[in-house]
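A quick write-up on the structure given underneath.
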Amino acid sequence: MTEILPKDTKTLKAAVDAINASDRLLLTCHVKPDGDALGSLLGLGLALKDAGKDVTFFIEDPAPDTLQFLPGAQYLVNEVANPLPEKTTLVVLDCNEPHRIGKQAQRLIEQASLIVILDHHLSQIPFCADPKTKHPHCISYIFPDIFAAGAIVLWVIKGLGWPITEDIATNLYAAILSDTGCFRHSNTNETAFRMAGDLVAHGANPYAVANKLYQNYSLCRQHLLGLVLRTIEVKRQGKIGLLQATPEMFRISGATEHDTDDFVGCVRCIDTVEVAIFIKEVYAGQVSVSLRSKSFFNVAKLAKEFGGGGHFHAAGFRKTGTAAEIREILLNKINACFKDSETADA
Ligand code: AMP
Ligand code: MN
Ligand code: MN
């Protein structure tokens, strides 16, 4: 058996103890939350609530419609008291960069008495080491080898010895399903299947969760996809695949910016493609980019050059500028990386 057990169990235990000792907790995750961010937040939040803690479930952006089914979504708020009540522990899930929490990040960090970070992203500047966000009491449990923040939450709840209810299991199962791309991504391993099995044993319904996440799109979304698919391009003998969405396409289709989940997968799946790019311009001059790769290309490193981040095979960033400008800079950088790797191979 090759189950991945948590590394650095000392830090994990410190996080568990800190959460256990806190009576008031404010949970948050990254902006534009996905299934892992929300599933982790709600799963941990419900466990804390069941244990009688005072919990606030805070996200800056509203949950997308496709994630409203997650148990506990009714507790989500997008405003929190200023200043925070005394002795509030801030728990940050599925992100470790303050700007990804949103506009309130700085003051939440300053006002929290303790910070616990539970994440699996490669970190740019460790939160607690960054002079801007340095906090005297910060426990940072960042485990980039693990497929989902939801897995870390499961370790935490198990560490606390608390029951895994059906609602908690559903949230954590949705988190794992989302971040493993339905058990297709390179991060999928035996632990992912074991944990998912464990969560199903605790009441998560795989068919129901998969239907809510992937068989629940609006007609507008499919119309948008139709328009976007017409923009497919490949470069560098098919190794780079590109897709683009313009403000006009959003207007024509009536779709929203939340409706583009996994559009990038429509170019990543082309046989020759190593790097897939989806450039989304919802409002003119505001661009967000999704990057994916299949094997050797580190898209997290590339995204960092644009102020974003992510994982080796899945990353993203947002930038102001025109889609054409950003596309040009990106292609140049990717071409240069390919050249480097080809020289290294020679
Ligand atoms: P997406 O393409 O939006 O599905 O994101 C893919 C991965 O990159 C996810 O793990 C995100 O958390 C991460 N990511 C996306 N955008 C950013 C960003 N602006 N900064 C840091 N990480 C990001
Ligand atoms: Mn996420
Ligand atoms: Mn995640």
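Chain labels A, B, ... are given in the sequence in which chains occur in the structure tokens; within each chain residues are numbered consecutively from 1, and ligands are likewise numbered from 1 in the order shown.
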
>> Could you list the protein, DNA and RNA residues that have any atom within 8 Å of ligand 1, counting only C-alpha atoms and all ligand atoms, and write them as a VMD selection string?
In response: chain A and resid 30 34 94 to 95 97 100 121 179 261 to 262 264 288 to 292 300 303 to 304 307 to 311 314 to 318

Saved selection, atoms kept: N, CA, C and O atoms, as a tab-separated table (two decimals), in the first residue's frame:
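Everything below was put into result16.tsv:
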```
chain	number	residue	atom	x	y	z
A	30	HIS	N	-10.03	31.24	-1.34
A	30	HIS	CA	-9.65	32.19	-2.40
A	30	HIS	C	-10.88	32.78	-3.12
A	30	HIS	O	-11.95	32.17	-3.14
A	34	ASP	N	-13.68	27.69	-6.13
A	34	ASP	CA	-14.00	26.48	-6.90
A	34	ASP	C	-14.47	25.40	-5.91
A	34	ASP	O	-14.65	25.67	-4.72
A	94	ASP	N	-7.27	26.51	0.91
A	94	ASP	CA	-7.04	26.41	-0.53
A	94	ASP	C	-6.39	27.67	-1.11
A	94	ASP	O	-6.59	27.98	-2.28
A	95	CYS	N	-5.64	28.38	-0.31
A	95	CYS	CA	-4.89	29.52	-0.81
A	95	CYS	C	-3.89	29.94	0.26
A	95	CYS	O	-4.12	29.71	1.45
A	97	GLU	N	-1.89	32.99	-0.43
A	97	GLU	CA	-1.42	34.32	-0.76
A	97	GLU	C	-2.53	35.31	-0.42
A	97	GLU	O	-3.66	35.15	-0.89
A	100	ARG	N	-5.14	36.58	-2.79
A	100	ARG	CA	-6.15	35.62	-3.28
A	100	ARG	C	-7.36	35.55	-2.35
A	100	ARG	O	-8.40	35.00	-2.72
A	121	HIS	N	-1.20	24.72	-2.48
A	121	HIS	CA	-0.57	25.43	-3.60
A	121	HIS	C	0.91	25.65	-3.32
A	121	HIS	O	1.29	25.86	-2.17
A	179	ASP	N	-10.73	18.95	-7.63
A	179	ASP	CA	-9.31	19.22	-7.83
A	179	ASP	C	-8.54	18.07	-8.47
A	179	ASP	O	-7.42	18.27	-8.95
A	261	ASP	N	-15.93	27.13	-16.39
A	261	ASP	CA	-15.23	26.04	-15.71
A	261	ASP	C	-14.79	24.97	-16.73
A	261	ASP	O	-15.62	24.46	-17.48
A	262	ASP	N	-13.51	24.68	-16.72
A	262	ASP	CA	-12.89	23.66	-17.58
A	262	ASP	C	-12.99	23.91	-19.09
A	262	ASP	O	-12.81	22.99	-19.88
A	264	VAL	N	-10.69	25.36	-20.58
A	264	VAL	CA	-9.30	25.11	-20.97
A	264	VAL	C	-9.07	23.62	-21.30
A	264	VAL	O	-8.24	23.27	-22.13
A	288	SER	N	-8.36	37.19	-17.49
A	288	SER	CA	-7.88	36.10	-16.63
A	288	SER	C	-7.51	34.91	-17.51
A	288	SER	O	-8.14	34.64	-18.53
A	289	VAL	N	-6.44	34.28	-17.10
A	289	VAL	CA	-5.85	33.23	-17.93
A	289	VAL	C	-5.77	31.92	-17.15
A	289	VAL	O	-5.34	31.90	-16.00
A	290	SER	N	-6.23	30.85	-17.78
A	290	SER	CA	-6.08	29.51	-17.21
A	290	SER	C	-5.02	28.78	-18.02
A	290	SER	O	-5.06	28.79	-19.25
A	291	LEU	N	-4.11	28.15	-17.31
A	291	LEU	CA	-3.02	27.42	-17.97
A	291	LEU	C	-3.05	25.96	-17.52
A	291	LEU	O	-3.27	25.68	-16.33
A	292	ARG	N	-2.84	25.07	-18.44
A	292	ARG	CA	-2.75	23.65	-18.12
A	292	ARG	C	-1.59	23.04	-18.90
A	292	ARG	O	-1.25	23.51	-19.98
A	300	ALA	N	2.75	26.55	-13.24
A	300	ALA	CA	2.73	27.38	-12.01
A	300	ALA	C	3.85	28.42	-12.08
A	300	ALA	O	3.68	29.59	-11.74
A	303	ALA	N	2.83	31.09	-14.51
A	303	ALA	CA	1.78	31.96	-13.95
A	303	ALA	C	2.38	32.94	-12.94
A	303	ALA	O	1.94	34.09	-12.84
A	304	LYS	N	3.38	32.49	-12.20
A	304	LYS	CA	4.02	33.36	-11.20
A	304	LYS	C	4.65	34.58	-11.86
A	304	LYS	O	4.66	35.66	-11.28
A	307	GLY	N	2.23	37.19	-11.81
A	307	GLY	CA	1.62	37.50	-10.50
A	307	GLY	C	0.58	36.49	-10.06
A	307	GLY	O	-0.13	36.70	-9.09
A	308	GLY	N	0.44	35.38	-10.77
A	308	GLY	CA	-0.53	34.35	-10.38
A	308	GLY	C	0.16	33.17	-9.72
A	308	GLY	O	1.22	33.32	-9.11
A	309	GLY	N	-0.42	32.01	-9.86
A	309	GLY	CA	0.17	30.83	-9.23
A	309	GLY	C	-0.65	29.60	-9.53
A	309	GLY	O	-1.46	29.60	-10.46
A	310	GLY	N	-0.47	28.57	-8.73
A	310	GLY	CA	-1.23	27.34	-8.92
A	310	GLY	C	-0.35	26.12	-8.70
A	310	GLY	O	0.46	26.10	-7.78
A	311	HIS	N	-0.51	25.15	-9.57
A	311	HIS	CA	0.20	23.87	-9.45
A	311	HIS	C	1.01	23.61	-10.73
A	311	HIS	O	0.83	24.31	-11.72
A	314	ALA	N	-1.57	22.88	-13.49
A	314	ALA	CA	-2.78	23.73	-13.56
A	314	ALA	C	-2.52	25.01	-12.80
A	314	ALA	O	-2.22	24.99	-11.60
A	315	ALA	N	-2.61	26.12	-13.51
A	315	ALA	CA	-2.32	27.40	-12.85
A	315	ALA	C	-3.10	28.50	-13.54
A	315	ALA	O	-3.79	28.27	-14.54
A	316	GLY	N	-2.98	29.70	-12.99
A	316	GLY	CA	-3.71	30.81	-13.59
A	316	GLY	C	-3.24	32.14	-13.07
A	316	GLY	O	-2.45	32.22	-12.13
A	317	PHE	N	-3.70	33.18	-13.72
A	317	PHE	CA	-3.41	34.54	-13.25
A	317	PHE	C	-4.43	35.50	-13.84
A	317	PHE	O	-5.17	35.15	-14.77
A	318	ARG	N	-4.46	36.68	-13.23
A	318	ARG	CA	-5.32	37.75	-13.76
A	318	ARG	C	-4.46	38.96	-14.01
A	318	ARG	O	-3.52	39.22	-13.25
```

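Near ligand 3, at a distance of at most 7 Å and with only C-alpha atoms and all ligand atoms counted, sit the residues A:Asp36, A:Ala37, A:Asp94, A:His120, A:Ala148, A:Ala149, A:Asp179.
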
Could you write those residues out with N, CA and C atoms, as a PDB file, in the first residue's frame?
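Produced file out07.pdb, reproduced below:
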```pdb
ATOM      1  N   ASP A  36     -12.990  22.862  -4.620  1.00  0.00           N
ATOM      2  CA  ASP A  36     -12.076  22.526  -3.517  1.00  0.00           C
ATOM      3  C   ASP A  36     -12.115  23.626  -2.450  1.00  0.00           C
ATOM      4  N   ALA A  37     -12.076  24.877  -2.891  1.00  0.00           N
ATOM      5  CA  ALA A  37     -12.080  25.986  -1.933  1.00  0.00           C
ATOM      6  C   ALA A  37     -13.357  25.952  -1.084  1.00  0.00           C
ATOM      7  N   ASP A  94      -7.270  26.508   0.912  1.00  0.00           N
ATOM      8  CA  ASP A  94      -7.036  26.408  -0.535  1.00  0.00           C
ATOM      9  C   ASP A  94      -6.391  27.667  -1.111  1.00  0.00           C
ATOM     10  N   HIS A 120      -2.640  23.601  -0.424  1.00  0.00           N
ATOM     11  CA  HIS A 120      -1.804  22.691  -1.227  1.00  0.00           C
ATOM     12  C   HIS A 120      -1.217  23.387  -2.459  1.00  0.00           C
ATOM     13  N   ALA A 148      -5.802  17.914  -3.024  1.00  0.00           N
ATOM     14  CA  ALA A 148      -6.879  18.881  -2.734  1.00  0.00           C
ATOM     15  C   ALA A 148      -6.733  19.409  -1.307  1.00  0.00           C
ATOM     16  N   ALA A 149      -7.132  20.651  -1.103  1.00  0.00           N
ATOM     17  CA  ALA A 149      -7.156  21.184   0.258  1.00  0.00           C
ATOM     18  C   ALA A 149      -8.151  20.381   1.104  1.00  0.00           C
ATOM     19  N   ASP A 179     -10.733  18.952  -7.628  1.00  0.00           N
ATOM     20  CA  ASP A 179      -9.308  19.224  -7.834  1.00  0.00           C
ATOM     21  C   ASP A 179      -8.539  18.069  -8.472  1.00  0.00           C
TER      22      ASP A 179
END
```

>> When you look at Ala201 (chain A) with a cut-off of 10 Å (counting only C-alpha atoms), what residues show up, excluding the ones that are within fewer than 4 positions of it in the same chain? I need them as a PyMOL selection string.
In response: chain A and resi 164+166+169+195-197+205

>> So the first atom is CA of Ser40 (chain A) and the second is CA of Leu93 (chain A); what is the distance between them in Å, to one decimal place?
In response: 6.7 Å

>> Measuring between only C-alpha atoms, which one of A:Asn96, A:Asn216, A:Thr170, A:Ser178 shows the shortest distance to Leu199 (chain A)?
In response: A:Thr170

>> Residues of region 39-283 of chain A classed as strand (DSSP E) by DSSP on the backbone are to be reported as number ranges by chain.
In response: A: 54-58, 76-77, 89-93, 114-119, 138-142, 233-235, 240-245, 275-283
